[in-house]
>>> print(open('query.csv').read())   # CSV, C-alpha atoms
chain,number,residue,atom,x,y,z
A,1,MET,CA,51.5,-40.2,13.4
A,2,SER,CA,55.2,-40.0,14.3
A,3,LYS,CA,57.6,-37.5,12.5
A,4,VAL,CA,59.5,-40.5,11.0
A,5,LEU,CA,56.3,-42.1,9.6
A,6,MET,CA,55.0,-38.8,8.4
A,7,SER,CA,58.2,-38.1,6.5
A,8,GLN,CA,58.0,-41.5,4.9
A,9,PHE,CA,54.4,-41.0,4.1
A,10,ARG,CA,55.1,-37.7,2.4
A,11,CYS,CA,57.9,-39.2,0.3
A,12,LEU,CA,55.6,-42.0,-0.8
A,13,LEU,CA,52.8,-39.7,-1.6
A,14,THR,CA,55.1,-37.6,-3.7
A,15,ALA,CA,56.6,-40.5,-5.6
A,16,GLY,CA,53.0,-41.7,-6.2
A,17,LEU,CA,52.0,-38.3,-7.7
A,18,VAL,CA,55.1,-38.1,-9.9
A,19,SER,CA,54.6,-41.6,-11.3
A,20,LEU,CA,50.9,-41.1,-11.6
A,21,LEU,CA,51.5,-38.1,-13.7
A,22,SER,CA,54.2,-39.7,-15.7
A,23,PHE,CA,53.4,-43.4,-16.3
A,24,SER,CA,51.7,-43.0,-19.6
A,25,ALA,CA,54.1,-40.5,-21.2
A,26,LEU,CA,57.4,-41.8,-19.8
A,27,ALA,CA,58.8,-42.0,-23.3
A,28,ASP,CA,58.5,-38.2,-23.6
A,29,THR,CA,61.5,-37.1,-21.6
A,30,GLN,CA,61.8,-33.6,-23.0
A,31,ALA,CA,61.1,-32.1,-19.6
A,32,ASP,CA,64.1,-33.9,-18.1
A,33,THR,CA,66.6,-35.7,-20.4
A,34,ASN,CA,68.4,-37.1,-17.5
A,35,VAL,CA,65.5,-39.4,-16.4
A,36,GLU,CA,65.9,-43.0,-17.5
A,37,VAL,CA,62.8,-44.7,-18.6
A,38,GLU,CA,61.9,-48.3,-18.8
A,39,THR,CA,58.5,-49.0,-20.2
A,40,SER,CA,56.6,-51.0,-22.9
A,41,VAL,CA,53.6,-50.3,-25.1
A,42,GLN,CA,50.4,-52.0,-24.0
A,43,VAL,CA,47.1,-52.1,-25.8
A,44,GLY,CA,43.5,-52.8,-24.6
A,45,PRO,CA,41.9,-51.6,-21.3
A,46,TRP,CA,45.3,-51.5,-19.5
A,47,GLY,CA,46.7,-49.2,-22.2
A,48,GLU,CA,43.5,-47.1,-22.2
A,49,ALA,CA,43.8,-46.6,-18.5
A,50,GLY,CA,47.4,-45.4,-19.0
A,51,GLY,CA,46.3,-43.1,-21.9
A,52,VAL,CA,43.9,-41.2,-19.6
A,53,ILE,CA,46.9,-40.1,-17.6
A,54,GLU,CA,48.9,-38.9,-20.6
A,55,GLU,CA,47.1,-35.6,-20.9
A,56,ALA,CA,47.5,-34.9,-17.2
A,57,THR,CA,51.2,-35.9,-17.5
A,58,GLN,CA,51.9,-33.4,-20.2
A,59,SER,CA,50.2,-30.6,-18.3
A,60,VAL,CA,52.1,-31.2,-15.0
A,61,LEU,CA,55.4,-31.7,-16.7
A,62,GLY,CA,54.8,-28.3,-18.4
A,63,LEU,CA,54.0,-26.7,-15.0
A,64,LEU,CA,57.3,-27.9,-13.6
A,65,GLU,CA,59.1,-26.1,-16.4
A,66,GLN,CA,57.5,-22.8,-15.4
A,67,ASP,CA,60.0,-21.5,-12.8
A,68,GLU,CA,57.7,-18.8,-11.6
A,69,LEU,CA,55.2,-21.4,-10.3
A,70,LEU,CA,58.0,-23.0,-8.2
A,71,GLU,CA,59.0,-19.8,-6.5
A,72,GLU,CA,58.1,-19.0,-2.9
A,73,GLY,CA,54.7,-17.5,-2.6
A,74,GLN,CA,53.3,-19.2,-5.7
A,75,GLU,CA,51.9,-22.3,-3.9
A,76,GLY,CA,48.3,-21.3,-4.4
A,77,GLN,CA,48.7,-20.9,-8.2
A,78,LEU,CA,50.7,-24.2,-8.4
A,79,ILE,CA,47.9,-26.0,-6.4
A,80,ALA,CA,45.3,-24.6,-8.8
A,81,GLU,CA,47.2,-25.8,-11.8
A,82,ILE,CA,47.8,-29.3,-10.4
A,83,ASP,CA,44.1,-29.4,-9.5
A,84,THR,CA,43.2,-28.7,-13.2
A,85,ALA,CA,45.5,-31.6,-14.3
A,86,LEU,CA,44.4,-34.1,-11.7
A,87,SER,CA,40.7,-33.6,-11.3
A,88,PRO,CA,39.8,-35.4,-14.6
A,89,VAL,CA,41.9,-38.4,-13.5
A,90,VAL,CA,41.4,-38.8,-9.7
A,91,ASP,CA,37.9,-39.6,-8.4
A,92,PHE,CA,38.1,-37.4,-5.3
A,93,ALA,CA,34.4,-37.8,-4.5
A,94,TYR,CA,34.5,-41.6,-4.5
A,95,ILE,CA,37.7,-41.7,-2.5
A,96,SER,CA,36.3,-39.2,0.0
A,97,LYS,CA,33.1,-41.3,0.4
A,98,GLN,CA,35.2,-44.5,1.1
A,99,VAL,CA,37.4,-42.5,3.6
A,100,MET,CA,34.2,-41.5,5.5
A,101,GLY,CA,33.2,-45.2,5.6
A,102,LYS,CA,30.2,-46.0,7.7
A,103,TYR,CA,29.9,-42.4,8.7
A,104,TYR,CA,29.0,-41.4,5.2
A,105,ARG,CA,25.4,-42.4,5.7
A,106,LYS,CA,25.2,-40.3,8.8
A,107,ALA,CA,26.6,-37.2,7.2
A,108,SER,CA,24.3,-34.6,5.6
A,109,THR,CA,24.6,-33.7,2.0
A,110,GLU,CA,26.3,-30.5,3.0
A,111,GLU,CA,28.8,-32.4,5.2
A,112,ARG,CA,29.6,-34.9,2.4
A,113,GLU,CA,30.3,-32.1,-0.1
A,114,LYS,CA,32.4,-30.1,2.4
A,115,PHE,CA,34.6,-33.1,3.2
A,116,VAL,CA,35.2,-33.8,-0.5
A,117,GLY,CA,36.6,-30.3,-0.8
A,118,VAL,CA,38.6,-30.4,2.4
A,119,PHE,CA,40.1,-33.8,1.5
A,120,LYS,CA,40.9,-32.8,-2.0
A,121,THR,CA,42.6,-29.6,-0.9
A,122,THR,CA,44.7,-31.4,1.7
A,123,LEU,CA,46.1,-33.8,-0.9
A,124,LEU,CA,46.7,-31.2,-3.5
A,125,LYS,CA,48.5,-29.0,-1.0
A,126,THR,CA,50.7,-31.8,0.1
A,127,TYR,CA,51.6,-32.8,-3.4
A,128,ALA,CA,52.4,-29.2,-4.4
A,129,LYS,CA,54.8,-28.8,-1.5
A,130,ALA,CA,56.6,-32.0,-2.0
A,131,LEU,CA,56.6,-32.2,-5.8
A,132,VAL,CA,58.9,-29.1,-6.1
A,133,GLY,CA,61.9,-30.8,-4.5
A,134,PHE,CA,61.3,-34.4,-5.6
A,135,LYS,CA,63.9,-35.7,-8.1
A,136,ILE,CA,63.3,-38.8,-10.1
A,137,GLU,CA,66.2,-40.8,-11.6
A,138,LYS,CA,64.3,-43.7,-13.3
A,139,TYR,CA,60.8,-45.1,-13.8
A,140,GLU,CA,59.9,-48.7,-14.5
A,141,MET,CA,56.5,-49.6,-15.9
A,142,VAL,CA,55.5,-53.1,-14.8
A,143,PRO,CA,53.3,-54.8,-17.4
A,144,PRO,CA,50.4,-56.9,-16.0
A,145,ARG,CA,51.1,-60.6,-15.7
A,146,LYS,CA,47.6,-61.4,-16.8
A,147,LYS,CA,44.6,-59.5,-18.0
A,148,SER,CA,42.1,-58.2,-15.5
A,149,PRO,CA,38.9,-60.3,-15.3
A,150,HIS,CA,37.0,-57.0,-15.4
A,151,GLU,CA,37.8,-54.7,-18.4
A,152,ASP,CA,36.5,-51.7,-16.5
A,153,LYS,CA,39.0,-52.3,-13.6
A,154,GLN,CA,42.7,-52.1,-14.2
A,155,ILE,CA,45.8,-52.2,-11.9
A,156,ILE,CA,48.8,-50.2,-12.9
A,157,THR,CA,52.2,-50.9,-11.2
A,158,VAL,CA,55.0,-48.5,-11.4
A,159,ASN,CA,58.5,-48.5,-9.8
A,160,VAL,CA,60.0,-45.1,-9.2
A,161,PHE,CA,63.7,-44.5,-8.3
A,162,SER,CA,64.8,-41.2,-6.7
A,163,GLN,CA,68.2,-39.7,-7.3
A,164,ASP,CA,69.4,-41.0,-3.9
A,165,GLY,CA,68.7,-44.6,-5.1
A,166,THR,CA,65.5,-45.1,-3.1
A,167,LYS,CA,63.0,-47.3,-4.8
A,168,TYR,CA,59.2,-46.7,-4.5
A,169,SER,CA,56.7,-49.2,-5.7
A,170,LEU,CA,53.3,-47.8,-6.5
A,171,ILE,CA,50.1,-49.8,-7.4
A,172,TYR,CA,47.2,-47.8,-8.8
A,173,TYR,CA,43.6,-48.9,-9.0
A,174,MET,CA,41.8,-47.6,-12.0
A,175,VAL,CA,38.0,-47.9,-12.7
A,176,LYS,CA,36.2,-46.9,-15.8
A,177,ASP,CA,32.8,-45.2,-15.4
A,178,ASP,CA,30.6,-43.2,-17.8
A,179,GLU,CA,33.1,-40.3,-17.7
A,180,GLY,CA,36.1,-42.5,-18.4
A,181,TRP,CA,39.1,-43.9,-16.4
A,182,LYS,CA,39.5,-42.7,-12.8
A,183,LEU,CA,42.0,-43.4,-10.1
A,184,VAL,CA,40.2,-44.7,-7.0
A,185,ASN,CA,43.0,-45.9,-4.8
A,186,ALA,CA,46.8,-46.5,-4.5
A,187,ILE,CA,49.0,-48.7,-2.5
A,188,LEU,CA,52.5,-47.3,-1.8
A,189,ASP,CA,55.5,-49.6,-1.2
A,190,GLY,CA,53.2,-52.5,-0.6
A,191,SER,CA,52.3,-51.4,2.9
A,192,ILE,CA,50.5,-48.0,2.8
A,193,ASN,CA,47.0,-48.2,1.4
A,194,ILE,CA,46.1,-44.5,0.8
A,195,ARG,CA,42.4,-44.9,1.0
A,196,LEU,CA,42.5,-47.2,4.1
A,197,SER,CA,45.1,-45.0,5.9
A,198,PHE,CA,42.8,-42.0,5.6
A,199,LYS,CA,39.7,-44.0,6.5
A,200,ASN,CA,41.4,-45.1,9.7
A,201,GLN,CA,42.3,-41.5,10.4
A,202,PHE,CA,38.7,-40.4,9.9
A,203,ALA,CA,37.3,-43.1,12.1
A,204,ASP,CA,39.9,-42.2,14.9
A,205,LEU,CA,38.9,-38.6,14.7
A,206,MET,CA,35.2,-39.5,14.9
A,207,GLN,CA,35.8,-41.4,18.1
A,208,ARG,CA,37.9,-38.6,19.6
A,209,ASN,CA,35.1,-36.1,18.7
A,210,ARG,CA,32.3,-38.3,19.9
A,211,GLY,CA,30.7,-38.7,16.5
A,212,ASN,CA,30.6,-35.0,15.6
A,213,ILE,CA,31.1,-35.2,11.8
A,214,SER,CA,31.1,-31.4,11.3
A,215,LYS,CA,33.9,-31.0,13.9
A,216,VAL,CA,35.9,-33.8,12.3
A,217,ILE,CA,35.6,-32.2,8.9
A,218,SER,CA,36.5,-28.7,10.2
A,219,THR,CA,39.6,-30.1,11.9
A,220,TRP,CA,40.7,-32.6,9.2
A,221,LYS,CA,43.3,-30.4,7.6
A,222,GLU,CA,45.0,-29.6,10.9
A,223,LYS,CA,44.9,-33.1,12.2
A,224,VAL,CA,45.6,-35.3,9.2
A,225,ASP,CA,47.4,-33.0,6.7
A,226,PRO,CA,50.5,-35.0,5.7
A,227,GLY,CA,52.2,-31.8,5.0
A,228,LYS,CA,52.5,-31.1,8.7
A,229,ASP,CA,55.1,-32.7,11.0
A,230,SER,CA,52.7,-33.4,13.8
A,231,ALA,CA,50.4,-36.1,15.0
>>> encode(input="query.csv", output="structure tokens")
Amino acid sequence: MSKVLMSQFRCLLTAGLVSLLSFSALADTQADTNVEVETSVQVGPWGEAGGVIEEATQSVLGLLEQDELLEEGQEGQLIAEIDTALSPVVDFAYISKQVMGKYYRKASTEEREKFVGVFKTTLLKTYAKALVGFKIEKYEMVPPRKKSPHEDKQIITVNVFSQDGTKYSLIYYMVKDDEGWKLVNAILDGSINIRLSFKNQFADLMQRNRGNISKVISTWKEKVDPGKDSA
């Protein structure tokens, strides 16, 4: 992936995280009184899906107020705190399985579990790095035009504006299981499908490594980590 595309990808991922952590509690601007919020109250399954995010939102907004966590050398602690906030909301296991695609069946139980951990750590590290310097000017919640035909599946659309005027459009796919609402995919700016992008990366690495799943997993962080400015 080129440096230009990687830079854009990081910005979109960061905007996605910020809006993900904020879309249900945008009315609470105590953490940043300069942020303009445009939202509307929704009820039913769509509102429930948003409500699940609220607790994570409050947790992360609180983290960003702790200056010591944003200092150099505190990345590990910040990642751990973000992990605590996101794990109940993001279905990392499901997303990882979809990223592995057809190779999931070929992988051993140990390889599957290892990839979930590596994939999760990669995303959390990227978010933690970029979140520190990302400044949001305004959020816009986009109410659904019609109800989802499946109450246990909801699509949440959020527009995020950075302080330099750049607009990011995020579409989140939420699914309700026995544990509650979970994020299972996101589309950034209408063109970057997070799950599909990583799935293609995994398939490409499998071809390059002649189907050696263990090798792909062990090199995933170095080859695919969006926090690195390399291909």
>>> closest_residue(input="query.csv", among="A:Glu81, A:Glu111, A:Glu65, A:Glu179", to="Ser218 of chain A", atoms="all atoms listed in the file")
A:Glu111
>>> atom_distance(input="query.csv", atom1="atom CA of Thr157 of chain A", atom2="atom CA of Tyr173 of chain A")
9.1 Å
>>> atom_distance(input="query.csv", atom1="atom CA of Thr219 of chain A", atom2="atom CA of Asp83 of chain A")
21.9 Å
>>> closest_residue(input="query.csv", among="A:Lys129, A:Lys146, A:Lys102, A:Lys167", to="Gly190 of chain A", atoms="all atoms listed in the file")
A:Lys167
>>> closest_residue(input="query.csv", among="A:Ala203, A:Arg195, A:Tyr103, A:Asp152", to="Asp178 of chain A", atoms="all atoms listed in the file")
A:Asp152
>>> atom_distance(input="query.csv", atom1="atom CA of Asp164 of chain A", atom2="atom CA of Asp189 of chain A")
16.6 Å
>>> residues_around(input="query.csv", residues="Ile95 of chain A", least_positions_apart="2", cutoff="8 Å", atoms="all atoms listed in the file", output="PDB file with C-alpha atoms, in the frame of the given file")
ATOM      1  CA  ASP A  91      37.900 -39.600  -8.400  1.00  0.00           C
ATOM      2  CA  PHE A  92      38.100 -37.400  -5.300  1.00  0.00           C
ATOM      3  CA  ALA A  93      34.400 -37.800  -4.500  1.00  0.00           C
ATOM      4  CA  LYS A  97      33.100 -41.300   0.400  1.00  0.00           C
ATOM      5  CA  GLN A  98      35.200 -44.500   1.100  1.00  0.00           C
ATOM      6  CA  VAL A  99      37.400 -42.500   3.600  1.00  0.00           C
ATOM      7  CA  VAL A 184      40.200 -44.700  -7.000  1.00  0.00           C
ATOM      8  CA  ASN A 185      43.000 -45.900  -4.800  1.00  0.00           C
ATOM      9  CA  ARG A 195      42.400 -44.900   1.000  1.00  0.00           C
TER      10      ARG A 195
END
>>> closest_residue(input="query.csv", among="A:Asp204, A:Glu222, A:Glu72, A:Glu151", to="Pro45 of chain A", atoms="all atoms listed in the file")
A:Glu151
>>> residues_around(input="query.csv", residues="Val175 of chain A", least_positions_apart="2", cutoff="6 Å", atoms="all atoms listed in the file", output="list in words")
Asp152, Lys153, Trp181 and Lys182 of chain A
